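Chemist: Structure file start_39.pdb (PDB, C-alpha atoms) is given on the next line.
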ATOM      1  CA  MET X 205      -5.529  -3.853   8.852
ATOM      2  CA  SER X 206      -9.197  -3.439   8.052
ATOM      3  CA  ALA X 207     -10.949  -6.664   7.074
ATOM      4  CA  ARG X 208     -12.890  -4.644   4.482
ATOM      5  CA  SER X 209      -9.753  -3.476   2.699
ATOM      6  CA  SER X 210      -9.516  -4.335  -0.992
ATOM      7  CA  LEU X 211      -5.706  -4.208  -0.741
ATOM      8  CA  ARG X 212      -4.243  -7.606   0.071
ATOM      9  CA  LEU X 213      -0.978  -8.095   1.934
ATOM     10  CA  LEU X 214       1.472 -10.747   0.748
ATOM     11  CA  ARG X 215       4.392 -11.377   3.077
ATOM     12  CA  GLY X 216       6.985 -12.526   0.586
ATOM     13  CA  THR X 217       6.593 -13.973  -2.877
ATOM     14  CA  ARG X 218       5.801 -17.583  -1.977
ATOM     15  CA  ALA X 219       2.313 -19.046  -2.387
ATOM     16  CA  VAL X 220       0.961 -16.095  -4.384
ATOM     17  CA  PRO X 221      -2.809 -16.485  -4.994
ATOM     18  CA  GLU X 222      -3.555 -17.374  -8.594
ATOM     19  CA  ASP X 223      -5.693 -14.287  -9.169
ATOM     20  CA  LEU X 224      -2.738 -12.060  -8.269
ATOM     21  CA  ARG X 225      -0.252 -13.771 -10.577
ATOM     22  CA  GLY X 226       0.492 -12.270 -13.970
ATOM     23  CA  GLY X 227       0.139  -8.728 -12.698
ATOM     24  CA  ILE X 228       1.836  -5.414 -13.337
ATOM     25  CA  VAL X 229       4.395  -4.751 -10.610
ATOM     26  CA  THR X 230       6.149  -1.648  -9.347
ATOM     27  CA  ILE X 231       9.035  -1.839  -6.867
ATOM     28  CA  GLY X 232      10.729   0.533  -4.440
ATOM     29  CA  SER X 233      10.960   1.824  -0.887
ATOM     30  CA  PHE X 234       8.165   4.368  -1.468
ATOM     31  CA  ASP X 235       9.058   6.242   1.716
ATOM     32  CA  GLY X 236       6.765   9.264   1.812
ATOM     33  CA  VAL X 237       4.678   8.170  -1.206
ATOM     34  CA  HIS X 238       5.400  11.567  -2.775
ATOM     35  CA  ARG X 239       4.491  12.778  -6.286
ATOM     36  CA  GLY X 240       7.317  10.759  -7.850
ATOM     37  CA  HIS X 241       6.089   7.573  -6.196
ATOM     38  CA  GLN X 242       2.533   8.450  -7.136
ATOM     39  CA  THR X 243       3.576   8.641 -10.783
ATOM     40  CA  LEU X 244       4.979   5.098 -10.575
ATOM     41  CA  ILE X 245       1.803   3.859  -8.917
ATOM     42  CA  SER X 246      -0.477   5.652 -11.372
ATOM     43  CA  ARG X 247       1.388   4.228 -14.359
ATOM     44  CA  THR X 248       1.252   0.737 -12.836
ATOM     45  CA  LEU X 249      -2.507   1.039 -12.375
ATOM     46  CA  GLU X 250      -2.951   2.451 -15.882
ATOM     47  CA  ARG X 251      -1.057  -0.418 -17.526
ATOM     48  CA  ALA X 252      -2.779  -3.002 -15.311
ATOM     49  CA  ARG X 253      -6.253  -1.747 -16.218
ATOM     50  CA  ALA X 254      -5.382  -1.547 -19.904
ATOM     51  CA  GLU X 255      -4.254  -5.192 -19.868
ATOM     52  CA  GLY X 256      -6.908  -6.439 -17.443
ATOM     53  CA  ARG X 257      -4.321  -7.510 -14.865
ATOM     54  CA  PRO X 258      -3.869  -6.974 -11.110
ATOM     55  CA  ALA X 259      -1.637  -4.113  -9.933
ATOM     56  CA  LEU X 260       0.950  -5.011  -7.273
ATOM     57  CA  ILE X 261       3.437  -2.932  -5.331
ATOM     58  CA  VAL X 262       6.597  -4.508  -3.897
ATOM     59  CA  SER X 263       8.289  -2.765  -0.986
ATOM     60  CA  PHE X 264      10.470  -3.499   2.013
ATOM     61  CA  GLU X 265      10.486  -3.548   5.787
ATOM     62  CA  PRO X 266      12.733  -2.364   7.242
ATOM     63  CA  MET X 267      13.792   0.107   4.585
ATOM     64  CA  PRO X 268      17.090  -1.093   3.046
ATOM     65  CA  ARG X 269      19.090   1.830   4.413
ATOM     66  CA  GLU X 270      17.684   1.194   7.903
ATOM     67  CA  TYR X 271      19.061  -2.341   7.729
ATOM     68  CA  LEU X 272      22.389  -1.439   6.150
ATOM     69  CA  SER X 273      23.201   1.622   8.307
ATOM     70  CA  PRO X 274      20.816   1.714  11.273
ATOM     71  CA  GLU X 275      22.655   4.504  13.087
ATOM     72  CA  THR X 276      22.865   6.838  10.097
ATOM     73  CA  ALA X 277      19.709   5.918   8.167
ATOM     74  CA  PRO X 278      17.621   8.917   7.106
ATOM     75  CA  ALA X 279      14.510   9.861   9.031
ATOM     76  CA  ARG X 280      11.558   7.637   8.193
ATOM     77  CA  LEU X 281       8.806   9.590   6.413
ATOM     78  CA  THR X 282       6.083   6.939   6.516
ATOM     79  CA  ASN X 283       5.720   3.877   8.714
ATOM     80  CA  PHE X 284       4.142   0.627   7.533
ATOM     81  CA  ARG X 285       0.600   1.646   8.474
ATOM     82  CA  GLU X 286       0.894   4.975   6.682
ATOM     83  CA  ARG X 287       2.217   3.391   3.496
ATOM     84  CA  TRP X 288      -0.516   0.740   3.635
ATOM     85  CA  ARG X 289      -3.256   3.355   3.803
ATOM     86  CA  LEU X 290      -1.792   5.344   0.917
ATOM     87  CA  PHE X 291      -1.419   2.230  -1.246
ATOM     88  CA  GLU X 292      -4.969   1.262  -0.341
ATOM     89  CA  GLN X 293      -6.333   4.677  -1.317
ATOM     90  CA  ALA X 294      -4.517   4.485  -4.653
ATOM     91  CA  GLY X 295      -6.510   1.405  -5.653
ATOM     92  CA  LEU X 296      -3.721  -1.200  -5.811
ATOM     93  CA  ASN X 297      -4.671  -4.869  -5.550
ATOM     94  CA  ALA X 298      -1.784  -6.182  -3.445
ATOM     95  CA  PHE X 299       1.121  -5.003  -1.323
ATOM     96  CA  VAL X 300       3.982  -7.501  -1.501
ATOM     97  CA  LEU X 301       6.089  -6.932   1.604
ATOM     98  CA  LEU X 302       9.646  -8.242   1.484
ATOM     99  CA  ARG X 303      11.465  -8.549   4.801
ATOM    100  CA  PHE X 304      14.837  -6.917   4.150
ATOM    101  CA  HIS X 305      17.618  -9.033   5.608
ATOM    102  CA  GLU X 306      21.036 -10.334   4.613
ATOM    103  CA  ALA X 307      19.730 -13.053   2.293
ATOM    104  CA  LEU X 308      17.635 -10.535   0.354
ATOM    105  CA  ARG X 309      20.508  -8.060   0.280
ATOM    106  CA  GLN X 310      22.814 -10.667  -1.252
ATOM    107  CA  LEU X 311      20.461 -11.735  -4.055
ATOM    108  CA  SER X 312      21.982 -11.407  -7.484
ATOM    109  CA  GLY X 313      20.166  -9.350 -10.075
ATOM    110  CA  ALA X 314      19.040 -12.557 -11.779
ATOM    111  CA  ASP X 315      17.697 -14.032  -8.521
ATOM    112  CA  PHE X 316      15.835 -10.831  -7.695
ATOM    113  CA  LEU X 317      14.285 -10.819 -11.146
ATOM    114  CA  ARG X 318      13.268 -14.448 -10.582
ATOM    115  CA  LEU X 319      11.210 -13.358  -7.553
ATOM    116  CA  LEU X 320       9.276 -11.009  -9.795
ATOM    117  CA  VAL X 321       8.899 -13.063 -12.945
ATOM    118  CA  GLU X 322       8.641 -16.612 -11.588
ATOM    119  CA  ASP X 323       7.199 -16.185  -8.081
ATOM    120  CA  LEU X 324       4.848 -13.309  -8.917
ATOM    121  CA  GLY X 325       4.472 -14.106 -12.592
ATOM    122  CA  ALA X 326       4.920 -10.419 -13.426
ATOM    123  CA  ALA X 327       3.782  -9.526 -16.937
ATOM    124  CA  GLY X 328       5.156  -6.004 -16.633
ATOM    125  CA  ILE X 329       7.472  -4.090 -14.306
ATOM    126  CA  VAL X 330       7.383  -0.330 -13.708
ATOM    127  CA  VAL X 331      10.416   1.249 -12.001
ATOM    128  CA  GLY X 332      11.941   4.658 -11.533
ATOM    129  CA  HIS X 333      15.012   5.672 -13.525
ATOM    130  CA  ASP X 334      17.180   5.419 -10.404
ATOM    131  CA  PHE X 335      15.920   2.002  -9.262
ATOM    132  CA  ARG X 336      18.741  -0.215  -8.020
ATOM    133  CA  PHE X 337      18.605  -3.458  -6.085
ATOM    134  CA  GLY X 338      20.403  -6.764  -5.510
ATOM    135  CA  ARG X 339      24.019  -7.535  -4.710
ATOM    136  CA  HIS X 340      26.201  -4.544  -5.634
ATOM    137  CA  GLY X 341      23.063  -2.831  -6.965
ATOM    138  CA  GLU X 342      23.276  -4.828 -10.184
ATOM    139  CA  ALA X 343      19.493  -5.085 -10.667
ATOM    140  CA  ASP X 344      19.024  -1.561 -11.963
ATOM    141  CA  ALA X 345      16.606  -0.249 -14.601
ATOM    142  CA  THR X 346      19.054  -0.995 -17.439
ATOM    143  CA  PHE X 347      19.497  -4.591 -16.236
ATOM    144  CA  LEU X 348      15.733  -5.128 -16.066
ATOM    145  CA  GLN X 349      15.182  -3.693 -19.535
ATOM    146  CA  ALA X 350      17.900  -5.897 -21.033
ATOM    147  CA  ALA X 351      16.497  -8.987 -19.283
ATOM    148  CA  SER X 352      13.008  -8.293 -20.610
ATOM    149  CA  GLU X 353      13.992  -8.509 -24.287
ATOM    150  CA  GLY X 354      12.294 -11.556 -25.799
ATOM    151  CA  SER X 355      11.360 -12.856 -22.341
ATOM    152  CA  GLY X 356       7.586 -12.414 -22.205
ATOM    153  CA  PHE X 357       7.496  -9.515 -19.762
ATOM    154  CA  TRP X 358       8.057  -5.798 -20.331
ATOM    155  CA  VAL X 359       9.795  -3.088 -18.311
ATOM    156  CA  GLU X 360       8.860   0.592 -18.271
ATOM    157  CA  VAL X 361      11.224   3.134 -16.727
ATOM    158  CA  ILE X 362       9.731   6.357 -15.366
ATOM    159  CA  GLU X 363      11.787   9.538 -15.644
ATOM    160  CA  PRO X 364      12.238  11.942 -12.696
ATOM    161  CA  VAL X 365       9.178  13.961 -11.698
ATOM    162  CA  ARG X 366       9.781  17.681 -11.452
ATOM    163  CA  LEU X 367       7.866  20.643 -10.100
ATOM    164  CA  GLY X 368       9.322  23.443 -12.149
ATOM    165  CA  ALA X 369      13.075  23.238 -11.637
ATOM    166  CA  GLU X 370      12.699  21.121  -8.498
ATOM    167  CA  ARG X 371      13.078  17.358  -8.656
ATOM    168  CA  VAL X 372      10.702  15.419  -6.418
ATOM    169  CA  SER X 373      12.504  12.949  -4.145
ATOM    170  CA  SER X 374      12.361  11.530  -0.639
ATOM    171  CA  SER X 375      15.573  13.372   0.274
ATOM    172  CA  GLU X 376      14.079  16.727  -0.788
ATOM    173  CA  LEU X 377      10.954  15.924   1.207
ATOM    174  CA  ARG X 378      13.051  15.091   4.266
ATOM    175  CA  HIS X 379      14.862  18.408   3.946
ATOM    176  CA  ALA X 380      11.592  20.337   3.694
ATOM    177  CA  LEU X 381      10.274  18.653   6.841
ATOM    178  CA  ALA X 382      13.544  19.046   8.731
ATOM    179  CA  VAL X 383      13.343  22.832   8.293
ATOM    180  CA  ARG X 384       9.543  22.737   8.913
ATOM    181  CA  ASP X 385       8.750  24.061   5.442
ATOM    182  CA  LEU X 386       5.300  22.479   5.433
ATOM    183  CA  PRO X 387       4.066  24.253   2.254
ATOM    184  CA  ARG X 388       7.037  22.878   0.290
ATOM    185  CA  ALA X 389       6.515  19.423   1.772
ATOM    186  CA  ALA X 390       2.863  19.570   0.695
ATOM    187  CA  ARG X 391       3.914  20.505  -2.854
ATOM    188  CA  LEU X 392       6.268  17.527  -3.050
ATOM    189  CA  LEU X 393       3.619  15.220  -1.637
ATOM    190  CA  GLY X 394       0.597  16.593  -3.454
ATOM    191  CA  ARG X 395      -1.135  16.643  -0.059
ATOM    192  CA  PRO X 396      -0.397  17.893   3.472
ATOM    193  CA  TYR X 397       2.135  15.907   5.489
ATOM    194  CA  THR X 398       0.468  13.669   8.050
ATOM    195  CA  MET X 399       1.259  11.002  10.631
ATOM    196  CA  ARG X 400      -1.103   8.174  11.506
ATOM    197  CA  GLY X 401      -1.471   5.783  14.398
ATOM    198  CA  ARG X 402      -3.664   4.416  17.152
ATOM    199  CA  VAL X 403      -4.273   6.405  20.313
ATOM    200  CA  VAL X 404      -2.632   4.850  23.386
ATOM    201  CA  ALA X 405      -2.917   5.578  27.079
ATOM    202  CA  GLY X 406      -0.415   8.118  28.369
ATOM    203  CA  GLN X 407       0.569   9.391  31.800
ATOM    204  CA  GLN X 408      -2.654  11.460  32.018
ATOM    205  CA  LEU X 409      -0.537  14.541  32.797
ATOM    206  CA  GLY X 410      -2.189  16.659  30.107
ATOM    207  CA  ARG X 411      -5.624  15.947  31.527
ATOM    208  CA  THR X 412      -4.589  17.239  34.970
ATOM    209  CA  LEU X 413      -3.214  20.404  33.328
ATOM    210  CA  GLY X 414      -6.378  21.122  31.351
ATOM    211  CA  PHE X 415      -4.966  19.838  28.055
ATOM    212  CA  PRO X 416      -6.046  16.206  27.607
ATOM    213  CA  THR X 417      -4.130  14.757  24.654
ATOM    214  CA  ALA X 418      -4.522  11.911  22.212
ATOM    215  CA  ASN X 419      -1.151  10.147  22.279
ATOM    216  CA  ILE X 420       0.321   8.234  19.336
ATOM    217  CA  ARG X 421       3.614   6.362  19.590
ATOM    218  CA  VAL X 422       5.788   7.354  16.660
ATOM    219  CA  ARG X 423       8.026   4.247  16.485
ATOM    220  CA  ARG X 424      10.708   5.870  14.338
ATOM    221  CA  ARG X 425      14.430   5.796  15.026
ATOM    222  CA  ARG X 426      14.670   9.392  13.796
ATOM    223  CA  LEU X 427      11.844  11.895  13.480
ATOM    224  CA  PRO X 428      11.437  13.691  10.131
ATOM    225  CA  LEU X 429      10.347  16.822  12.020
ATOM    226  CA  SER X 430       9.748  17.892  15.601
ATOM    227  CA  GLY X 431       8.272  20.724  17.610
ATOM    228  CA  VAL X 432       4.823  22.131  18.302
ATOM    229  CA  PHE X 433       2.337  22.439  15.446
ATOM    230  CA  ALA X 434      -1.131  23.605  14.519
ATOM    231  CA  VAL X 435      -2.851  20.478  13.209
ATOM    232  CA  ARG X 436      -6.050  19.012  11.870
ATOM    233  CA  VAL X 437      -7.198  15.681  13.257
ATOM    234  CA  HIS X 438      -8.851  13.205  10.906
ATOM    235  CA  GLY X 439     -10.629  10.044  11.989
ATOM    236  CA  ILE X 440     -12.912  11.296  14.774
ATOM    237  CA  ALA X 441     -15.859  12.407  12.656
ATOM    238  CA  GLY X 442     -16.679  13.176   9.041
ATOM    239  CA  SER X 443     -14.914  16.548   9.217
ATOM    240  CA  PRO X 444     -11.502  17.132  10.798
ATOM    241  CA  PHE X 445     -11.073  18.782  14.186
ATOM    242  CA  GLY X 446      -8.508  21.515  14.762
ATOM    243  CA  GLY X 447      -5.835  20.983  17.356
ATOM    244  CA  VAL X 448      -2.353  21.657  18.630
ATOM    245  CA  ALA X 449       0.245  18.888  18.691
ATOM    246  CA  SER X 450       3.664  18.311  20.181
ATOM    247  CA  LEU X 451       6.010  15.899  18.428
ATOM    248  CA  GLY X 452       9.116  15.002  20.386
ATOM    249  CA  THR X 453      10.319  13.516  23.666
ATOM    250  CA  ARG X 454       8.720  15.937  26.202
ATOM    251  CA  PRO X 455      11.940  17.039  27.971
ATOM    252  CA  THR X 456      10.171  19.051  30.695
ATOM    253  CA  VAL X 457       8.554  15.903  32.127
ATOM    254  CA  GLY X 458      11.549  13.609  31.564
ATOM    255  CA  GLY X 459      10.242  11.914  28.435
ATOM    256  CA  VAL X 460      12.492   9.645  26.392
ATOM    257  CA  GLU X 461      10.281   7.917  23.824
ATOM    258  CA  PRO X 462       9.184  10.012  20.823
ATOM    259  CA  LEU X 463       5.469  10.747  21.088
ATOM    260  CA  LEU X 464       2.897  12.665  19.074
ATOM    261  CA  GLU X 465       0.577  14.335  21.595
ATOM    262  CA  THR X 466      -2.461  16.164  20.234
ATOM    263  CA  PHE X 467      -4.911  18.387  22.103
ATOM    264  CA  VAL X 468      -8.087  18.289  20.020
ATOM    265  CA  PHE X 469     -10.128  21.496  20.084
ATOM    266  CA  ASP X 470     -13.825  21.369  20.976
ATOM    267  CA  PHE X 471     -13.883  17.622  21.600
ATOM    268  CA  SER X 472     -14.471  15.543  24.693
ATOM    269  CA  GLY X 473     -14.632  11.794  24.572
ATOM    270  CA  ASP X 474     -12.627   8.586  24.608
ATOM    271  CA  LEU X 475     -10.239   8.151  21.670
ATOM    272  CA  TYR X 476      -8.240   5.176  23.024
ATOM    273  CA  GLY X 477      -7.667   2.604  20.308
ATOM    274  CA  ARG X 478      -8.937   4.918  17.565
ATOM    275  CA  GLU X 479      -6.755   5.286  14.465
ATOM    276  CA  LEU X 480      -6.187   8.982  13.835
ATOM    277  CA  GLU X 481      -4.396  10.874  11.111
ATOM    278  CA  ILE X 482      -2.710  14.092  12.225
ATOM    279  CA  GLU X 483      -2.285  16.701   9.483
ATOM    280  CA  PHE X 484       0.501  19.214  10.124
ATOM    281  CA  VAL X 485      -0.735  22.722   9.257
ATOM    282  CA  ALA X 486       1.907  25.089  10.648
ATOM    283  CA  HIS X 487       5.030  24.956  12.816
ATOM    284  CA  LEU X 488       4.582  27.109  15.928
ATOM    285  CA  ARG X 489       7.833  26.618  17.824
ATOM    286  CA  ASP X 490      10.586  24.164  18.707
ATOM    287  CA  GLU X 491      10.250  21.744  21.589
ATOM    288  CA  LEU X 492      11.550  23.412  24.755
ATOM    289  CA  ARG X 493      12.577  22.379  28.248
ATOM    290  CA  PHE X 494      10.718  24.575  30.766
ATOM    291  CA  GLU X 495      11.955  25.273  34.290
ATOM    292  CA  SER X 496       8.554  24.352  35.713
ATOM    293  CA  VAL X 497       5.308  22.695  34.698
ATOM    294  CA  GLU X 498       3.536  26.005  35.420
ATOM    295  CA  LEU X 499       5.621  27.827  32.803
ATOM    296  CA  MET X 500       4.936  25.003  30.381
ATOM    297  CA  VAL X 501       1.170  25.390  30.874
ATOM    298  CA  VAL X 502       1.364  29.120  30.162
ATOM    299  CA  GLN X 503       3.139  28.395  26.888
ATOM    300  CA  MET X 504       0.622  25.637  26.050
ATOM    301  CA  GLN X 505      -2.185  28.172  26.393
ATOM    302  CA  VAL X 506      -0.386  30.511  23.981
ATOM    303  CA  ASP X 507       0.233  27.609  21.559
ATOM    304  CA  ALA X 508      -3.432  26.591  21.636
ATOM    305  CA  ARG X 509      -4.619  30.124  20.829
ATOM    306  CA  THR X 510      -2.149  30.452  17.970
ATOM    307  CA  ALA X 511      -2.975  27.016  16.578
ATOM    308  CA  ARG X 512      -6.709  27.765  16.668
ATOM    309  CA  GLU X 513      -6.079  30.884  14.556
ATOM    310  CA  TRP X 514      -4.160  28.817  12.000
ATOM    311  CA  VAL X 515      -6.766  26.089  11.605
ATOM    312  CA  THR X 516      -9.745  28.466  11.474
ATOM    313  CA  GLU X 517      -8.159  30.867   8.959
ATOM    314  CA  GLN X 518      -7.468  28.198   6.339
TER     315      GLN X 518
END
Spell out the structure here as C-alpha cells.

Modeler:
Amino acid sequence: MSARSSLRLLRGTRAVPEDLRGGIVTIGSFDGVHRGHQTLISRTLERARAEGRPALIVSFEPMPREYLSPETAPARLTNFRERWRLFEQAGLNAFVLLRFHEALRQLSGADFLRLLVEDLGAAGIVVGHDFRFGRHGEADATFLQAASEGSGFWVEVIEPVRLGAERVSSSELRHALAVRDLPRAARLLGRPYTMRGRVVAGQQLGRTLGFPTANIRVRRRRLPLSGVFAVRVHGIAGSPFGGVASLGTRPTVGGVEPLLETFVFDFSGDLYGRELEIEFVAHLRDELRFESVELMVVQMQVDARTAREWVTEQ
C-alpha cells in the first residue's frame, strides 16, 4: 500500500507498537463496508477521539465463510485492497489483519478476548449486535459485555442500522448487486458500488477491435455482479472519465478467468500498473456469447453509445 498512508497494517496481534496499544477496537468481516459497518467505524472513531486513544479495526483474510465453506461462500463484495482504502478514508489508525485458519477458528471465547485485551491492550470494544466469533460462536456480544464487567475495558454493542423498513446488511447488498439494482446497492452503501485494482496487460484484442480496455483481475471466487455496465473511472485524473465495462469471463473469446475490462471514453494513454476505481453507474445487459467477433463489435458499439448517454446525463 501507499507509503504515505496514515493507516498502519498489523498482521496479527503480536508485537503491537506501543502507540497503538490501549486503543478502541471494532471487529468484524466488514465485507462491503456498508452503512452498518460505517456506523461501527464511526462510533469507534468517536469514542477513540473522546478518550484520546488510537482507533483500530480487526478483520480477517480470508473471510471466515470462505475458509469454512469455500464452495458455497457468498460472493465477495470487497477484496483486501478495497477494504484497506475504505478503512484508510475513514481515518482509522490501524488495520489488524487476522489470517483465518483452523487455529483461529478453534479459539475459545476467552482466548479470542485475550487477543484483544492482552495483545492489543484494548480499552474499549465496539461490535454489532449480531457479532459472533470463536469456537461454537461463543464470543458473541453478550459474552463480551459480561466479560467486561469490572475488567478495565468496556464493550459497546451497536444495534442494526435501518433505512426505513430495510435493514442494512451484507446479504441485502449482495442481493441488490446480484439483480443489478445499483440504486439500492448505493443506498445500502451510502456511495456507488465500485471495484478497484491495478491495470494489467491483456491479450490486446480490444485494441485491435477499436476498443482498447484497461483490464483489472477480479480475484474473487464468485462475482457479486456481472454483465456490461456504464461506468465512471476514477484514478486517471482529478475528475472521473466515463466508460463502458464488461465484468465476466468473456465467453466469445474463450475466457475463463473473471476480468473487469473497461473502455475509457475520450482517453488515450498507458494505464498499465495504475490503480483505478471503477464506479458502476448502470447495468446495460448480461454477458453474452456471440457467434462471431464481428457481431460482438457491433454490440460493443451499441453499448458504448448507451453508456455514454448514462454517464453524461447524470

Chemist: Just want the 7 Å neighbourhood of region 283-297 of chain X, counted on all atoms listed in the file, with same-chain residues fewer than 3 positions away dropped. Output as a tab-separated table (two decimals) with C-alpha atoms, in the frame of the given file.

Modeler:
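Just written: result-v5.tsv:
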chain	number	residue	atom	x	y	z
X	210	SER	CA	-9.52	-4.34	-0.99
X	211	LEU	CA	-5.71	-4.21	-0.74
X	212	ARG	CA	-4.24	-7.61	0.07
X	258	PRO	CA	-3.87	-6.97	-11.11
X	259	ALA	CA	-1.64	-4.11	-9.93
X	260	LEU	CA	0.95	-5.01	-7.27
X	280	ARG	CA	11.56	7.64	8.19
X	400	ARG	CA	-1.10	8.17	11.51

Chemist: Neighbouring residues of Gly447 (chain X) were defined as those with any atom within 7 Å, considering all atoms listed in the file; residues of the same chain fewer than 2 positions away were excluded. Please report them as a PDB file with C-alpha atoms, in the coordinates of the input.

Modeler:
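Generated file (around-v2.pdb):
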ATOM      1  CA  ALA X 434      -1.131  23.605  14.519  1.00  0.00           C
ATOM      2  CA  VAL X 435      -2.851  20.478  13.209  1.00  0.00           C
ATOM      3  CA  ARG X 436      -6.050  19.012  11.870  1.00  0.00           C
ATOM      4  CA  VAL X 437      -7.198  15.681  13.257  1.00  0.00           C
ATOM      5  CA  PHE X 445     -11.073  18.782  14.186  1.00  0.00           C
ATOM      6  CA  ALA X 449       0.245  18.888  18.691  1.00  0.00           C
ATOM      7  CA  THR X 466      -2.461  16.164  20.234  1.00  0.00           C
ATOM      8  CA  PHE X 467      -4.911  18.387  22.103  1.00  0.00           C
ATOM      9  CA  VAL X 468      -8.087  18.289  20.020  1.00  0.00           C
ATOM     10  CA  PHE X 469     -10.128  21.496  20.084  1.00  0.00           C
ATOM     11  CA  ALA X 511      -2.975  27.016  16.578  1.00  0.00           C
ATOM     12  CA  ARG X 512      -6.709  27.765  16.668  1.00  0.00           C
TER      13      ARG X 512
END

Chemist: So which one's closest to Leu429 (chain X), X:Leu480, X:Leu244, X:Val262, X:Leu451? Using all atoms listed in the file, please.

Modeler: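 Among the listed residues, X:Leu451 lies closest to Leu429 (chain X).
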
Chemist: Could you work out how far CA of Leu392 (chain X) lies from CA of Leu367 (chain X), giving the answer in Å with one decimal?

Modeler: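 CA of Leu367 (chain X) sits 7.9 Å away from CA of Leu392 (chain X).
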
Chemist: Which residue is closest to Arg425 (chain X)? Choose from X:Glu498, X:Glu342, X:Glu461, X:Asp323 and count only C-alpha atoms.

Modeler: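 Distance minimum relative to Arg425 (chain X) lands on X:Glu461.
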
Chemist: Rank nothing, just name the residue among X:Arg247, X:Arg421, X:Arg318, X:Arg309 nearest to Arg336 (chain X), using all atoms listed in the file.

Modeler: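 Of X:Arg247, X:Arg421, X:Arg318, X:Arg309, the one nearest Arg336 (chain X), counting all atoms listed in the file, is X:Arg309.
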
Chemist: Here's the selection I'm unsure about, the PyMOL selection byres ((chain X and resi 224-236) around 6); applied to the file above, which residues does it give, as a list of chain:residue names?

Modeler: X:Pro221, X:Glu222, X:Asp223, X:Val237, X:His238, X:Ala252, X:Arg257, X:Pro258, X:Ala259, X:Leu260, X:Ile261, X:Val262, X:Ser263, X:Leu281, X:Thr282, X:Leu324, X:Gly325, X:Ala326, X:Ala327, X:Gly328, X:Ile329, X:Val330, X:Val331

Chemist: Convert the output of the PyMOL selection byres ((chain X and resi 303) around 9) on the shown file into explicit residues, formatted as an MDAnalysis selection string.

Modeler: chainID X and resid 215:216 263:267 301:302 304:305 308

Chemist: With C-alpha atoms retained, export the selected residues as an mmCIF file, keeping the file's coordinate frame.

Modeler:
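Ended up saving to result.cif:
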data_model
loop_
_atom_site.group_PDB
_atom_site.id
_atom_site.type_symbol
_atom_site.label_atom_id
_atom_site.label_comp_id
_atom_site.auth_asym_id
_atom_site.auth_seq_id
_atom_site.Cartn_x
_atom_site.Cartn_y
_atom_site.Cartn_z
ATOM 1 C CA ARG X 215 4.392 -11.377 3.077
ATOM 2 C CA GLY X 216 6.985 -12.526 0.586
ATOM 3 C CA SER X 263 8.289 -2.765 -0.986
ATOM 4 C CA PHE X 264 10.470 -3.499 2.013
ATOM 5 C CA GLU X 265 10.486 -3.548 5.787
ATOM 6 C CA PRO X 266 12.733 -2.364 7.242
ATOM 7 C CA MET X 267 13.792 0.107 4.585
ATOM 8 C CA LEU X 301 6.089 -6.932 1.604
ATOM 9 C CA LEU X 302 9.646 -8.242 1.484
ATOM 10 C CA PHE X 304 14.837 -6.917 4.150
ATOM 11 C CA HIS X 305 17.618 -9.033 5.608
ATOM 12 C CA LEU X 308 17.635 -10.535 0.354
#

Chemist: Select all residues near (-0.5, 27.3, 21.6) (cut-off 9 Å, inclusive, file coordinates), counting only C-alpha atoms, and output them as a short mmCIF file (atom, residue, chain, number, x, y, z; two decimals) with C-alpha atoms, in the coordinates of the input.

Modeler:
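And here's part-v6.cif as it stands now:
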data_model
loop_
_atom_site.label_atom_id
_atom_site.label_comp_id
_atom_site.auth_asym_id
_atom_site.auth_seq_id
_atom_site.Cartn_x
_atom_site.Cartn_y
_atom_site.Cartn_z
CA VAL X 432 4.82 22.13 18.30
CA PHE X 433 2.34 22.44 15.45
CA ALA X 434 -1.13 23.60 14.52
CA VAL X 448 -2.35 21.66 18.63
CA ALA X 449 0.24 18.89 18.69
CA LEU X 488 4.58 27.11 15.93
CA VAL X 502 1.36 29.12 30.16
CA GLN X 503 3.14 28.40 26.89
CA MET X 504 0.62 25.64 26.05
CA GLN X 505 -2.18 28.17 26.39
CA VAL X 506 -0.39 30.51 23.98
CA ASP X 507 0.23 27.61 21.56
CA ALA X 508 -3.43 26.59 21.64
CA ARG X 509 -4.62 30.12 20.83
CA THR X 510 -2.15 30.45 17.97
CA ALA X 511 -2.98 27.02 16.58
CA ARG X 512 -6.71 27.76 16.67
#

Chemist: Taking the point (17.4, -5.2, -5.7) as given in the file, collect each protein or nucleic acid residue that comes within 8 Å of it, counting only C-alpha atoms, and present the set as a PyMOL selection string.

Modeler: chain X and resi 309+311-313+316+336-339+341-344
